[in-house]
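The structure appears right after this line, and notes come after that.
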Amino acid sequence: AFVPNLHIDDSVFLHPEEGKRDRNEIRQSFVEFVDRILALQGNSPIKKVSLKCLGMLDAERLDDWISNVLVRGVSELDLSISFSVEEYFLMSTIRFESKNLVKLKLHNAYIGCQIESELLPMLKTLVLESVRFYVDYKSFLSAFAALEKLVLVDVFWYLSSKDVTVSNASLKTLTMNSNHFSGILSFDTPSLVYFCYSDYVAKDYPLVKMENLLEARISLLVTEDQIERAREPNNNGVEDGEDDVVLRFGNVGKLMNGIRNVQYLDLSANTLEVLSLCCESMPVFKNLKSLSIKSEESRGWQAMPVLLRNSPHLETLLLEGLLHYVTDTCGDACDCVSREEKGRSLTSCPVKVLEIKGFQGTMKEMNMIKHFLDYCQCLREIKIYMEENDPTQLRVPEVSEVIAEMMEHSEKSSSSNIQLLVGGYLYKKWTAQ
């Protein structure tokens with residue numbers, strides 16, 4: 001009767017494989033079960049409530065449940081409600097008014113009304129998953145004066161023809177993943193310190209206010225058609241007024257400029273490809289200490305040289321994969337293209353620690369490692385990770401010999417420590433004499 005945390009999930013009860021979810025009397029019995037639980041607790045204080053109900057029958061009954069826990073001072077509320085497979089519940093100001101609510105998570109919700117600032121004055125964390133917006137998003141977020149963490153996953157804006165602005169003065173962490181919007185996107189978040197953005201490239205980023213950002217993870221989603229279009233020379237075939245992929249990708253430079261004060265930056269392989277059209281507008285990352293790059297054979301490294309040159313205080317470079325789509329413009333950062341200025345971006349790079357993950361022991365990868373050894377003048381340590389279940393680990397002794405030979409014979413190398421790790425464990429370590 002006095003338990004402070006409730007986790008109620010009808011999926012345990014309404015077994016869909018037995019057809020229970022289609023029987024009204026079974027669903028009604030679950031509703032009555034929840035009624036009895038809340039009645040048993042009376043007015044006792046409550047801290048956390050999680051309610052997953054995919055077979056809800058009565059909207060008014062749901063209102064009563066939410067009002068019950070809000071009145072009793074619930075601080076964390078997690079709601080995943082559906083009246084049928086295709087329906088969502090409507091968030092209303094009647095349901096949500098609390099001086100104690102600190103964390104709110106909504107799944108399968110329609111938001112069709114503005115929230116007044118005095119209704120949820122203490123809310124610090126807001127998680128929205130599979131939520132549909134019918135209201136102006138900027139005004140909606142501005143109402144939460146204490147908001148510090150915002151997570152948006154699979155959010156859809158019905159006013160998609162209008163610009164969307166994520167605006168909140170107190171927000172510190174922002175995660176956006178797989179949201180259905182590709183129009184003009186702006187960020188007015190001056191207090192933000194963590195930014196995780198995984199979505200299709202927006203049409204433009206006219207405002208990106210993130211002066212205090214410390215860590216950013218950017219994983220842009222692209223189609224193969226967009227990649228082919230971006231790689232075409234001289235922008236051939238673009239009609240006036242057409243949504244030009246080249247222009248769209250080029251506007252990502254504005255996003256990068258907005259996060260230029262970041263200290264830790266993680267970029268996906270798609271993002272690195274998109275940034276190939278932003279090289280001329282790439283900002284200087286004067287505070288960047290750690291750069292993580294994911295690499296794929298189908299995605300290019302055209303932006304790698306300028307990223308390294310524009311990071312004057314970079315200390316750690318983490319490469320998740322070394323193989324990439326070869327272009328002439330990535331030649332001075334890798335060993336793929338023969339040219340006189342090979343290694344120029346690495347020579348000026350202040351990186352001291354290089355970490356390589358997903359190593360498979362191929363000669364292409366070995367040549368790439370040697371390239372970094374030869375040209376990274378400040379390099380002091382290399383860590384090479386090989387998966388424990390990778391069949392190529394049988395070739396580890398051969399790989400070890402090649403790396404040891406590099407350490408012994410590469411006079412240009414200033415590295416003092418190379419480690420080969422298999423499955424996260426140290427396999428062999430070399431130290432320069």
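Identifiers for the structure tokens are assigned positionally: chains receive A, B, ... in sequence, residues are indexed from 1 per chain, and ligands are indexed from 1 in the order shown.
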In range 34-254 of chain A, DSSP alpha helix (DSSP H) residues written as number ranges by chain: A: 34-41, 59-71, 137-142, 224-231, 245-250, 252-254
Those residues with C-alpha atoms, as a compact mmCIF listing (two decimals), in the first residue's frame please?
```txt
# COMPACT_ATOMS: atom_id res chain seq x y z
CA VAL A 34 -5.01 -0.27 -11.86
CA ASP A 35 -8.00 1.37 -10.14
CA ARG A 36 -7.62 -1.02 -7.19
CA ILE A 37 -3.88 -0.33 -6.88
CA LEU A 38 -4.38 3.45 -6.73
CA ALA A 39 -7.33 3.13 -4.37
CA LEU A 40 -5.29 0.90 -2.04
CA GLN A 41 -2.53 3.52 -1.80
CA ALA A 59 -9.76 8.54 -21.71
CA GLU A 60 -11.46 9.91 -18.62
CA ARG A 61 -10.15 7.01 -16.54
CA LEU A 62 -6.65 7.81 -17.76
CA ASP A 63 -7.15 11.44 -16.68
CA ASP A 64 -8.06 10.21 -13.22
CA TRP A 65 -4.90 8.07 -12.97
CA ILE A 66 -2.58 10.88 -14.02
CA SER A 67 -4.31 13.39 -11.72
CA ASN A 68 -4.07 10.90 -8.85
CA VAL A 69 -0.27 10.54 -8.99
CA LEU A 70 0.32 14.24 -9.71
CA VAL A 71 -1.65 15.27 -6.63
CA TYR A 137 7.60 24.07 -30.87
CA LYS A 138 9.63 27.11 -29.86
CA SER A 139 6.83 28.43 -27.65
CA PHE A 140 6.21 24.97 -26.22
CA LEU A 141 9.81 24.50 -25.02
CA SER A 142 10.18 28.04 -23.74
CA GLU A 224 22.70 6.88 -51.67
CA ASP A 225 21.07 9.18 -54.25
CA GLN A 226 22.12 12.20 -52.18
CA ILE A 227 25.70 10.92 -51.98
CA GLU A 228 25.85 10.37 -55.75
CA ARG A 229 24.42 13.84 -56.34
CA ALA A 230 26.91 15.47 -53.96
CA ARG A 231 29.83 13.78 -55.74
CA VAL A 245 21.51 18.45 -52.27
CA VAL A 246 24.77 20.33 -52.70
CA LEU A 247 23.29 23.48 -51.15
CA ARG A 248 21.64 21.49 -48.35
CA PHE A 249 24.90 19.71 -47.50
CA GLY A 250 26.82 22.98 -47.73
CA VAL A 252 25.85 21.95 -42.59
CA GLY A 253 28.83 24.29 -42.32
CA LYS A 254 26.57 26.62 -40.32
```
Contacts of Lys357 in chain A within 8 Å, only C-alpha atoms, excl. fewer than 3 positions in-chain, as a list of chain:residue names: A:Leu318, A:Leu319, A:Glu320, A:Gly321, A:Ile384, A:Tyr385, A:Met386
Writer output for current selection, C-alpha atoms, as a PDB file, in the first residue's frame:
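Okay, this is what ended up in result-v9.pdb:
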```pdb
ATOM      1  CA  LEU A 318      40.020   7.984 -32.525  1.00  0.00           C
ATOM      2  CA  LEU A 319      39.361   6.246 -35.832  1.00  0.00           C
ATOM      3  CA  GLU A 320      36.698   3.534 -35.910  1.00  0.00           C
ATOM      4  CA  GLY A 321      37.857   1.943 -39.149  1.00  0.00           C
ATOM      5  CA  ILE A 384      45.103  -0.608 -32.038  1.00  0.00           C
ATOM      6  CA  TYR A 385      41.943  -2.552 -31.173  1.00  0.00           C
ATOM      7  CA  MET A 386      41.065  -5.869 -32.808  1.00  0.00           C
TER       8      MET A 386
END
```
All strand (DSSP E) residues (DSSP, backbone) inside range 149-272 of chain A, as an NGL selection string: :A and (149-153 or 156-157 or 164-167 or 173-177 or 185-188 or 194-200 or 208-209 or 215-221 or 264-267)
Write out the residues from the selection above, keeping N, CA and C atoms, as a short mmCIF file (atom, residue, chain, number, x, y, z; two decimals), in the first residue's frame.
```
data_model
loop_
_atom_site.label_atom_id
_atom_site.label_comp_id
_atom_site.auth_asym_id
_atom_site.auth_seq_id
_atom_site.Cartn_x
_atom_site.Cartn_y
_atom_site.Cartn_z
N LYS A 149 17.39 18.72 -19.59
CA LYS A 149 17.63 17.60 -20.51
C LYS A 149 16.41 17.39 -21.40
N LEU A 150 16.65 17.33 -22.71
CA LEU A 150 15.58 17.11 -23.68
C LEU A 150 15.98 16.00 -24.64
N VAL A 151 15.10 15.01 -24.81
CA VAL A 151 15.32 13.90 -25.73
C VAL A 151 14.15 13.85 -26.71
N LEU A 152 14.45 13.91 -28.00
CA LEU A 152 13.43 13.86 -29.04
C LEU A 152 13.73 12.69 -29.96
N VAL A 153 12.84 11.69 -29.97
CA VAL A 153 13.02 10.50 -30.79
C VAL A 153 11.73 10.26 -31.58
N PHE A 156 7.28 14.07 -34.81
CA PHE A 156 6.75 14.53 -36.10
C PHE A 156 6.05 15.86 -35.90
N TRP A 157 6.42 16.85 -36.73
CA TRP A 157 5.79 18.17 -36.68
C TRP A 157 4.76 18.27 -37.80
N VAL A 164 11.39 25.15 -37.66
CA VAL A 164 11.38 24.62 -36.30
C VAL A 164 12.58 25.16 -35.56
N THR A 165 12.34 25.71 -34.37
CA THR A 165 13.41 26.24 -33.52
C THR A 165 13.38 25.55 -32.17
N VAL A 166 14.48 24.92 -31.83
CA VAL A 166 14.64 24.34 -30.49
C VAL A 166 15.20 25.45 -29.62
N SER A 167 14.39 25.97 -28.72
CA SER A 167 14.78 27.15 -27.95
C SER A 167 14.49 26.96 -26.47
N THR A 173 21.51 19.45 -21.99
CA THR A 173 21.76 18.30 -22.86
C THR A 173 20.59 18.12 -23.83
N LEU A 174 20.91 17.86 -25.09
CA LEU A 174 19.90 17.72 -26.13
C LEU A 174 20.23 16.51 -27.01
N THR A 175 19.27 15.60 -27.14
CA THR A 175 19.41 14.42 -28.00
C THR A 175 18.27 14.42 -29.00
N MET A 176 18.61 14.36 -30.29
CA MET A 176 17.62 14.31 -31.36
C MET A 176 17.94 13.12 -32.25
N ASN A 177 16.95 12.22 -32.42
CA ASN A 177 17.19 10.99 -33.15
C ASN A 177 15.99 10.62 -34.01
N LEU A 185 15.97 24.24 -39.66
CA LEU A 185 16.09 23.91 -38.25
C LEU A 185 17.06 24.86 -37.56
N SER A 186 16.64 25.42 -36.43
CA SER A 186 17.48 26.36 -35.67
C SER A 186 17.60 25.90 -34.22
N PHE A 187 18.68 26.35 -33.57
CA PHE A 187 18.90 26.02 -32.18
C PHE A 187 19.25 27.30 -31.42
N ASP A 188 18.45 27.63 -30.42
CA ASP A 188 18.72 28.76 -29.53
C ASP A 188 18.88 28.19 -28.13
N TYR A 194 25.94 19.37 -23.96
CA TYR A 194 25.99 18.08 -24.66
C TYR A 194 24.94 18.07 -25.77
N PHE A 195 25.36 17.66 -26.98
CA PHE A 195 24.48 17.67 -28.14
C PHE A 195 24.68 16.38 -28.93
N CYS A 196 23.61 15.59 -29.07
CA CYS A 196 23.64 14.36 -29.85
C CYS A 196 22.57 14.48 -30.94
N TYR A 197 23.00 14.48 -32.19
CA TYR A 197 22.09 14.78 -33.32
C TYR A 197 22.25 13.69 -34.38
N SER A 198 21.19 12.89 -34.57
CA SER A 198 21.19 11.84 -35.57
C SER A 198 19.91 11.95 -36.38
N ASP A 199 20.02 12.55 -37.57
CA ASP A 199 18.83 12.78 -38.37
C ASP A 199 19.24 13.13 -39.80
N TYR A 200 18.24 13.19 -40.69
CA TYR A 200 18.51 13.61 -42.05
C TYR A 200 18.90 15.09 -42.07
N VAL A 208 22.47 28.64 -34.87
CA VAL A 208 22.98 27.56 -34.00
C VAL A 208 23.73 28.25 -32.86
N LYS A 209 23.02 28.44 -31.74
CA LYS A 209 23.58 29.15 -30.60
C LYS A 209 23.94 28.14 -29.52
N GLU A 215 30.56 18.74 -25.60
CA GLU A 215 30.60 17.47 -26.33
C GLU A 215 29.48 17.43 -27.38
N ALA A 216 29.83 16.97 -28.58
CA ALA A 216 28.84 16.85 -29.65
C ALA A 216 29.04 15.53 -30.39
N ARG A 217 27.94 14.88 -30.71
CA ARG A 217 27.94 13.65 -31.51
C ARG A 217 27.00 13.88 -32.69
N ILE A 218 27.56 13.95 -33.89
CA ILE A 218 26.79 14.27 -35.08
C ILE A 218 26.79 13.06 -36.01
N SER A 219 25.59 12.53 -36.28
CA SER A 219 25.44 11.39 -37.19
C SER A 219 24.34 11.72 -38.20
N LEU A 220 24.73 12.35 -39.29
CA LEU A 220 23.76 12.76 -40.30
C LEU A 220 23.35 11.57 -41.15
N LEU A 221 22.06 11.50 -41.46
CA LEU A 221 21.53 10.42 -42.28
C LEU A 221 21.41 10.90 -43.73
N TYR A 264 34.92 17.82 -27.28
CA TYR A 264 34.88 16.42 -27.68
C TYR A 264 33.88 16.28 -28.82
N LEU A 265 34.35 15.79 -29.96
CA LEU A 265 33.51 15.73 -31.16
C LEU A 265 33.54 14.33 -31.75
N ASP A 266 32.35 13.79 -32.03
CA ASP A 266 32.20 12.45 -32.62
C ASP A 266 31.42 12.60 -33.91
N LEU A 267 32.00 12.13 -35.04
CA LEU A 267 31.38 12.27 -36.35
C LEU A 267 31.21 10.90 -37.00
#
```
Residues within 10 Å of Ile46 in chain A, only C-alpha atoms, excluding chain neighbours under 6 positions, as a count of residues only: 13
Gap from CA of Arg344 in chain A to CA of Glu365 in chain A - Å, one decimal: 19.4 Å
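Residues in contact with Trp301 in chain A at up to 6 Å, not including ones fewer than 2 positions away on its chain and judged by only C-alpha atoms, are A:Ala303, A:Met304, A:Cys330.
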Selection export as an mmCIF file, in the first residue's frame, atoms kept: N, CA and C atoms:
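What follows is the written file result.cif:
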```cif
data_model
loop_
_atom_site.group_PDB
_atom_site.id
_atom_site.type_symbol
_atom_site.label_atom_id
_atom_site.label_comp_id
_atom_site.auth_asym_id
_atom_site.auth_seq_id
_atom_site.Cartn_x
_atom_site.Cartn_y
_atom_site.Cartn_z
ATOM 1 N N ALA A 303 36.865 15.581 -46.031
ATOM 2 C CA ALA A 303 36.902 16.629 -45.002
ATOM 3 C C ALA A 303 37.961 16.376 -43.939
ATOM 4 N N MET A 304 38.604 15.217 -43.961
ATOM 5 C CA MET A 304 39.568 14.890 -42.915
ATOM 6 C C MET A 304 40.740 15.883 -42.849
ATOM 7 N N CYS A 330 41.397 13.597 -50.348
ATOM 8 C CA CYS A 330 41.731 13.066 -49.027
ATOM 9 C C CYS A 330 43.188 12.621 -48.977
#
```
Gap from CA of Lys203 in chain A to CA of Asn287 in chain A - Å, one decimal: 27.8 Å
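When only C-alpha atoms are used to measure the gap to Lys352 in chain A, the shortest distance among A:Asn100, A:Asn417, A:Ser170, A:Asn108 belongs to A:Asn417.
Nearest residue to Thr347 in chain A, choosing from A:Phe96, A:Tyr325, A:Phe359, A:Phe372 and counting only C-alpha atoms: A:Phe372.
Compared by their closest atoms to Ser182 in chain A, and using only C-alpha atoms, the residues A:Cys349, A:Ile111, A:Leu314, A:Val155 rank with A:Val155 nearest.
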Shell around Lys383 in chain A at 7 Å using only C-alpha atoms, local window under 3 positions removed, as a PyMOL selection string: chain A and resi 354-356+418-420
Could those selected residues go to a file with N, CA, C and O atoms, as a PDB file, in the first residue's frame?
```pdb
ATOM      1  N   LEU A 354      46.718   8.269 -30.750  1.00  0.00           N
ATOM      2  CA  LEU A 354      45.907   7.771 -31.859  1.00  0.00           C
ATOM      3  C   LEU A 354      45.324   6.427 -31.471  1.00  0.00           C
ATOM      4  O   LEU A 354      46.055   5.503 -31.102  1.00  0.00           O
ATOM      5  N   GLU A 355      43.991   6.307 -31.538  1.00  0.00           N
ATOM      6  CA  GLU A 355      43.317   5.040 -31.245  1.00  0.00           C
ATOM      7  C   GLU A 355      42.617   4.561 -32.505  1.00  0.00           C
ATOM      8  O   GLU A 355      41.916   5.329 -33.173  1.00  0.00           O
ATOM      9  N   ILE A 356      42.819   3.289 -32.829  1.00  0.00           N
ATOM     10  CA  ILE A 356      42.230   2.700 -34.030  1.00  0.00           C
ATOM     11  C   ILE A 356      41.393   1.501 -33.607  1.00  0.00           C
ATOM     12  O   ILE A 356      41.914   0.534 -33.035  1.00  0.00           O
ATOM     13  N   ILE A 418      53.351   1.857 -28.696  1.00  0.00           N
ATOM     14  CA  ILE A 418      52.323   1.271 -29.552  1.00  0.00           C
ATOM     15  C   ILE A 418      51.752   0.063 -28.838  1.00  0.00           C
ATOM     16  O   ILE A 418      52.489  -0.781 -28.333  1.00  0.00           O
ATOM     17  N   GLN A 419      50.418  -0.032 -28.794  1.00  0.00           N
ATOM     18  CA  GLN A 419      49.757  -1.159 -28.135  1.00  0.00           C
ATOM     19  C   GLN A 419      48.812  -1.831 -29.114  1.00  0.00           C
ATOM     20  O   GLN A 419      48.089  -1.160 -29.848  1.00  0.00           O
ATOM     21  N   LEU A 420      48.813  -3.154 -29.115  1.00  0.00           N
ATOM     22  CA  LEU A 420      47.854  -3.935 -29.889  1.00  0.00           C
ATOM     23  C   LEU A 420      46.935  -4.637 -28.905  1.00  0.00           C
ATOM     24  O   LEU A 420      47.390  -5.422 -28.067  1.00  0.00           O
TER      25      LEU A 420
END
```
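Going from CA of Phe13 in chain A over to CA of His107 in chain A, you cover 19.6 Å.
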Non-local contacts of Leu120 in chain A (8 Å; only C-alpha atoms; under 2 positions in same chain excluded) as a VMD selection string: chain A and resid 96 to 101 116 to 118 122 to 123 144
Non-local contacts of Glu211 in chain A (12 Å; only C-alpha atoms; under 4 positions in same chain excluded) as a PyMOL selection string: chain A and resi 169+172+187-195+207+215+256-263+287
Selected residues written out, N, CA and C atoms, as a PDB file, in the first residue's frame:
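Contents of the output file result_37.pdb:
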```pdb
ATOM      1  N   ALA A 169      16.550  28.475 -22.688  1.00  0.00           N
ATOM      2  CA  ALA A 169      17.732  29.121 -22.126  1.00  0.00           C
ATOM      3  C   ALA A 169      18.450  28.262 -21.097  1.00  0.00           C
ATOM      4  N   LYS A 172      20.671  21.964 -21.006  1.00  0.00           N
ATOM      5  CA  LYS A 172      22.083  21.589 -20.960  1.00  0.00           C
ATOM      6  C   LYS A 172      22.420  20.397 -21.848  1.00  0.00           C
ATOM      7  N   PHE A 187      18.679  26.353 -33.575  1.00  0.00           N
ATOM      8  CA  PHE A 187      18.903  26.023 -32.178  1.00  0.00           C
ATOM      9  C   PHE A 187      19.253  27.300 -31.419  1.00  0.00           C
ATOM     10  N   ASP A 188      18.446  27.633 -30.416  1.00  0.00           N
ATOM     11  CA  ASP A 188      18.719  28.760 -29.534  1.00  0.00           C
ATOM     12  C   ASP A 188      18.881  28.193 -28.127  1.00  0.00           C
ATOM     13  N   THR A 189      20.056  27.617 -27.865  1.00  0.00           N
ATOM     14  CA  THR A 189      20.315  26.891 -26.622  1.00  0.00           C
ATOM     15  C   THR A 189      21.668  27.332 -26.056  1.00  0.00           C
ATOM     16  N   PRO A 190      21.757  28.514 -25.488  1.00  0.00           N
ATOM     17  CA  PRO A 190      23.051  29.070 -25.059  1.00  0.00           C
ATOM     18  C   PRO A 190      23.714  28.323 -23.916  1.00  0.00           C
ATOM     19  N   SER A 191      22.959  27.533 -23.127  1.00  0.00           N
ATOM     20  CA  SER A 191      23.528  26.826 -21.980  1.00  0.00           C
ATOM     21  C   SER A 191      23.881  25.374 -22.289  1.00  0.00           C
ATOM     22  N   LEU A 192      23.690  24.955 -23.533  1.00  0.00           N
ATOM     23  CA  LEU A 192      23.879  23.551 -23.892  1.00  0.00           C
ATOM     24  C   LEU A 192      25.342  23.133 -23.737  1.00  0.00           C
ATOM     25  N   VAL A 193      25.558  21.947 -23.102  1.00  0.00           N
ATOM     26  CA  VAL A 193      26.907  21.400 -22.956  1.00  0.00           C
ATOM     27  C   VAL A 193      27.059  20.057 -23.667  1.00  0.00           C
ATOM     28  N   TYR A 194      25.937  19.374 -23.962  1.00  0.00           N
ATOM     29  CA  TYR A 194      25.988  18.076 -24.662  1.00  0.00           C
ATOM     30  C   TYR A 194      24.936  18.066 -25.768  1.00  0.00           C
ATOM     31  N   PHE A 195      25.358  17.662 -26.980  1.00  0.00           N
ATOM     32  CA  PHE A 195      24.477  17.667 -28.144  1.00  0.00           C
ATOM     33  C   PHE A 195      24.680  16.382 -28.935  1.00  0.00           C
ATOM     34  N   LEU A 207      20.371  29.447 -37.451  1.00  0.00           N
ATOM     35  CA  LEU A 207      20.781  29.866 -36.112  1.00  0.00           C
ATOM     36  C   LEU A 207      21.217  28.638 -35.324  1.00  0.00           C
ATOM     37  N   GLU A 215      30.558  18.740 -25.602  1.00  0.00           N
ATOM     38  CA  GLU A 215      30.596  17.475 -26.333  1.00  0.00           C
ATOM     39  C   GLU A 215      29.480  17.429 -27.375  1.00  0.00           C
ATOM     40  N   MET A 256      28.244  23.321 -38.042  1.00  0.00           N
ATOM     41  CA  MET A 256      29.586  23.127 -37.493  1.00  0.00           C
ATOM     42  C   MET A 256      30.117  24.416 -36.872  1.00  0.00           C
ATOM     43  N   ASN A 257      29.807  25.531 -37.482  1.00  0.00           N
ATOM     44  CA  ASN A 257      30.249  26.815 -36.928  1.00  0.00           C
ATOM     45  C   ASN A 257      29.599  27.073 -35.570  1.00  0.00           C
ATOM     46  N   GLY A 258      28.354  26.621 -35.414  1.00  0.00           N
ATOM     47  CA  GLY A 258      27.658  26.820 -34.148  1.00  0.00           C
ATOM     48  C   GLY A 258      28.217  25.973 -33.019  1.00  0.00           C
ATOM     49  N   ILE A 259      28.869  24.846 -33.358  1.00  0.00           N
ATOM     50  CA  ILE A 259      29.424  23.981 -32.312  1.00  0.00           C
ATOM     51  C   ILE A 259      30.952  24.111 -32.236  1.00  0.00           C
ATOM     52  N   ARG A 260      31.507  25.191 -32.746  1.00  0.00           N
ATOM     53  CA  ARG A 260      32.959  25.335 -32.882  1.00  0.00           C
ATOM     54  C   ARG A 260      33.706  25.354 -31.549  1.00  0.00           C
ATOM     55  N   ASN A 261      33.012  25.616 -30.427  1.00  0.00           N
ATOM     56  CA  ASN A 261      33.679  25.670 -29.124  1.00  0.00           C
ATOM     57  C   ASN A 261      33.761  24.306 -28.446  1.00  0.00           C
ATOM     58  N   VAL A 262      33.312  23.265 -29.127  1.00  0.00           N
ATOM     59  CA  VAL A 262      33.238  21.934 -28.538  1.00  0.00           C
ATOM     60  C   VAL A 262      34.635  21.409 -28.193  1.00  0.00           C
ATOM     61  N   GLN A 263      34.706  20.581 -27.141  1.00  0.00           N
ATOM     62  CA  GLN A 263      35.972  19.957 -26.732  1.00  0.00           C
ATOM     63  C   GLN A 263      36.070  18.497 -27.178  1.00  0.00           C
ATOM     64  N   ASN A 287      39.025  24.781 -29.215  1.00  0.00           N
ATOM     65  CA  ASN A 287      38.980  24.082 -27.928  1.00  0.00           C
ATOM     66  C   ASN A 287      38.976  22.567 -28.070  1.00  0.00           C
TER      67      ASN A 287
END
```
